[in-house]
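Asker: Before anything else, here's the structure in question.
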Amino acid sequence: MGLHPLEFSECYLDSPSFRDKIKAHEAELDKTNRFIKELYKDGKNLINATKQLGMAQRKFAQCLGEFHFEYIGDAKTDDEICIDESLQEFSKFLKNLEDQRELMMRNITETLMKPLEKFRKDHLGTARVERKKYEKETEKYYSSLEKLLNMSAKKKEPQLQEADVQVENMRQHFQEESLDYVCKLQEIQERKKFECVEPMVAFFQTVFTFYHQGFELAKDFDHYKRALQINIQNTRNRFEGARSEVYELMKRIREAPQEYRQTSPISCEGYLYVQEKRPPPFGSSWVKRYCTFVKEQKILHMVTFDHRSGGKIGETESVTLKSCLRKMTDTLDRRFCLDLDITDRPGTVLTVQALSEDDHKFWMQAMGGKEPIGHYLGRTYSKERGIDAQLDDVGLTFVKNSISAIETRGINDQGLYRVVGVSSKVQKLLSLMIDEKSNEVDLSTSDDWDVKTITSALKLYLRSLPEPLMTYGLYKEFISPAKGGSPESRIQAVHCLVHKLPEKNREVLGLLMKHLANVAAHSKQNLMTVANLGVVFGPTLMRPQEDTVAAIMDLKFQNIVVEILIEQHEKIFADAPESCPLSPAGPVFSAPTRQSKKLNRQNRPLAVYNPQALDIQSVTSVVDSSSLATDETSMGSNESVSSQSSSASASEAPPERSDHPPLKMGLSLGNNSGAAAASWSTPGASGESQPSATDKEKPEESVTSRKAKAVYPCEAEHDSELSFPVGAIFNAVTQSREPGWLEGELEGKRGLIPENYVEML
């Protein structure tokens with residue numbers, strides 16, 4: 001595996017593994033720096049050696065030019081004339097060749113040596129300076145933090161507040177420096193791909209131009225050079241696109257870092273100072289440890305780690321938590337402290353200190369502290385939607401109208417789809433066509449809207465859909481073939497996956513791909529090749545739910561998928577594939593993260609997962625028809641061409657119940673015209689399987705006002721969720737708008753219930 005992506009959220013956590021990732025990036029840049037220095041040295045030697053060779057060649061050419069064959073008689077034959085003149089021609093050839101050699105040396109200096117040295121000094125040198133600055137800020141921040149934490153709580157409140165403000169300012173400065181350094185490291189890692197290779201292309205072009213008498217070799221290189229130049233240009237374009245996405249993510253995290261703090265339903269982690277008591281008269285000491293608390297087992301793992309000791313990881317200790325109490329300052333002259341009662345050490349209380357008041361509340365809530373908990377400190381994610389775009393008949397009409405206008409009025413416009421319109425005009429057009437449903441406007445004949453406004457509005461419409469056109473559920477499955485396999489297997493995989501899309505999605509995608517193929521056919525005029533269109537539409541048509549750097553790095557694979565769709569649109573959208581190979585194993589689903597739950601609650605239900613691939617042992621047999629999504633998707637993994645069947649057999653019995661609770665997962669069912677609905681069976685109270693009515697012609701029964709029984713225990717991870725033991729009975733159970741969740745009442749409180757943790761009564 002290559003270098004790990006450096007997530008911006010980890011800049012605020014500053015974990016040991018994050019520091020190891022940074023070291024790996026730094027080591028790679030050091031290696032690149034040494035490589036360029038050695039290459040520069042060898043290049044100088046090559047130039048000097050070539051100069052010596054040139055001098056010898058010129059001397060040899062002079063010798064040839066001065067020599068003449070003497071002939072016998074008073075005339076020369078044609079053969080003799082040619083032979084005699086050949087030496088002078090050889091001499092001229094060598095002299096011309098040496099003139100070109102001198103030119104080649106000058107070109108090598110300009111196209112290879114100077115760009116490489118400039119990249120090494122401007123970027124790798126800057127990275128070394130930033131590294132020293134980052135290490136200095138690390139030392140400065142953690143020293144001030146320890147000084148703050150060692151400050152007596154008995155000091156006057158203004159002094160404490162002033163100290164808190166100073167450390168907070170230093171923390172923000174350190175974290176901003178960390179964000180900039182991480183961004184710089186990854187930018188250089190991506191930049192070196194073309195900054196180092198492109199000068200080499202120019203070098204070889206110069207060399208093979210010099211040796212142009214080897215025509216076939218020069219022709220082969222020219223073909224390779226053109227292909228490589230296209231690769232470099234594509235890489236550059238993708239780099240620019242990915243960099244803009246990364247900067248946007250960094251901006252969002254910088255504006256609200258607490259919202260992106262890494263949390264999960266399983267564990268929480270961060271730094272704590274642990275009090276280590278010593279026998280009298282030595283007192284006690286406080287040791288900084290990186291702690292991970294596993295909620296279900298209530299196990300606290302502690303790793304000794306000091307940033308100022310070179311980042312060396314110390315010993316690991318694990319304890320089982322019984323209870324957590326706030327430590328008052330009247331018993332200990334330190335703030336933000338907690339007393340942990342340890343089960344595997346009866347009578348032993350472990351005292352730990354958080355880094356701030358907010359951090360203190362975070363650990364109190366995570367460990368179930370008895371002190372009243374404030375608002376939830378985990379990630380809260382919101383997404384403002386200025387346009388209520390939907391994949392309906394109005395949207396389809398707008399897409400057709402836009403395509404017709406673009407092909408009629410601007411198919412040859414340079415930079416089509418890359419040149420953007422004025423934001424206010426784009427918003428106004430899309431609002432007119434979508435929100436107000438004024439589709440009677442014919443964009444093909446109207447002069448009120450220029451072409452770039454129409455193209456930008458079309459892209460904005462596709463980006464504003466509650467779910468990408470190629471769906472969240474199939475994202476990984478689309479991406480996977482782009483990362484490997486033969487061209488034929490990639491096309492086959494994408495062909496199969498397209499026909500797993502909901503009918504409306506597939507229809508719109510087909511119209512768009514046919515249009516983009518037409519745009520690419522006019523690339524000599526509009527300069528928009530298939531590769532350029534892939535860069536523009538990759539992030540628009542498909543994207544993951546999570547905002548991470550790791551996800552942004554997949555942008556280049558999204559572009560490849562869109563390129564396949566454009567080039568093979570006639571084959572892919574004409575007919576469904578005759579057969580698709582089955583996956584060797586079903587997909588692995590994980591519990592929804594805080595951020596994905598927030599997204600789901602903001603919008604309508606997202607992708608519909610393939611029920612055949614899910615653990616349906618405890619899924620309800622009836623679903624509220626009002627909550628059914630109109631999309632039909634299956635699992636997503638793109639590297640294998642394998643795909644699951646779109647429906648499950650009604651005769652299949654549910655799997656035996658496991659002793660372990662299932663993961664909470666998003667799950668919603670949907671009917672789609674022309675597609676068979678999945679058949680479900682659920683163990684009832686007697687344990688027998690009962691068929692469900694999911695066929696399109698059959699009315700679906702509502703779960704409103706029904707009761708459900710918990711078959712697994714669950715601990716709430718959000719204020720809107722319910723905690724319950726096995727056997728708990730829920731009243732007034734209804735289907736939630738969030739996929740995979742129900743709503744119900746328990747002991748007078750109403751909240752969310754994981755659908756696969758209960759069975760309907």
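FYI, nothing fancy with the structure tokens labels: chains A, B, ... in order, residues from 1 per chain, ligands from 1 as they appear.
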So that I can check the surroundings of range 562-576 of chain A, please list as a PyMOL selection string every protein, DNA and RNA residue that reaches within 10 Å of it, counting only C-alpha atoms and ignoring chain neighbours fewer than 3 positions away.
Answerer: chain A and resi 478+482+487+490-492+494-500+506-507+509-520+529-539+541-542+557-559+579-580
Asker: Run DSSP on the backbone of this structure and report the residues of range 299-419 of chain A it assigns to strand (DSSP E), as a VMD selection string.
Answerer: chain A and resid 299 to 305 313 to 327 337 to 342 349 to 353
Asker: Point out the residue among A:His25, A:Lys51, A:Arg345, A:Lys524 with the least atom-to-atom distance to Glu187 in chain A, counting only C-alpha atoms.
Answerer: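 The shortest atom-to-atom distance to Glu187 in chain A comes from A:His25.
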Asker: For Ile36 in chain A, please output as a ChimeraX atom specification all residues within 9 Å (counting only C-alpha atoms; exclusion window: fewer than 6 positions along the same chain).
Answerer: /A:116-117,120,196
Asker: To test your reading of the structure, identify every residue in range 118-358 of chain A that backbone DSSP assigns to alpha helix (DSSP H), and report it as an MDAnalysis selection string.
Answerer: chainID A and resid 118:119 125:149 157:210 215:255 357:358
Asker: Which residues, written as a PyMOL selection string, have at least one atom at most 9 Å from Pro115 in chain A, with only C-alpha atoms counted and residues fewer than 6 positions away on the same chain left out?
Answerer: chain A and resi 109+195-196+199
Asker: Could you save those same residues with C-alpha atoms as a PDB file, in the first residue's frame?
Answerer:
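What follows is the written file result_39.pdb:
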ATOM      1  CA  THR A 109      19.748  22.596 -19.414  1.00  0.00           C
ATOM      2  CA  GLU A 195       6.780  18.127 -12.101  1.00  0.00           C
ATOM      3  CA  CYS A 196       9.445  15.394 -12.233  1.00  0.00           C
ATOM      4  CA  PRO A 199      10.845  17.659 -17.783  1.00  0.00           C
TER       5      PRO A 199
END
Asker: Enumerate, in order of chain and increasing residue number, the residues of range 85-148 of chain A with an atom no farther than 9 Å from range 298-320 of chain A, each with its shortest atom pair and distance in Å to one decimal, counting only C-alpha atoms, as a Markdown table.
Answerer:
| residue | atom | partner | partner_atom | distance |
| --- | --- | --- | --- | --- |
| A:Glu135 | CA | A:Arg308 | CA | 8.9 |
| A:Thr138 | CA | A:His307 | CA | 7.5 |
| A:Glu139 | CA | A:Arg308 | CA | 6.3 |
| A:Tyr142 | CA | A:His307 | CA | 8.0 |
Asker: Which residue gives the smallest distance to Leu722 in chain A among A:Val167, A:Lys749, A:Lys155, A:Ala710, with only C-alpha atoms counted?
Answerer: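 Once distances to Leu722 in chain A are computed over only C-alpha atoms, the minimum belongs to A:Lys749.
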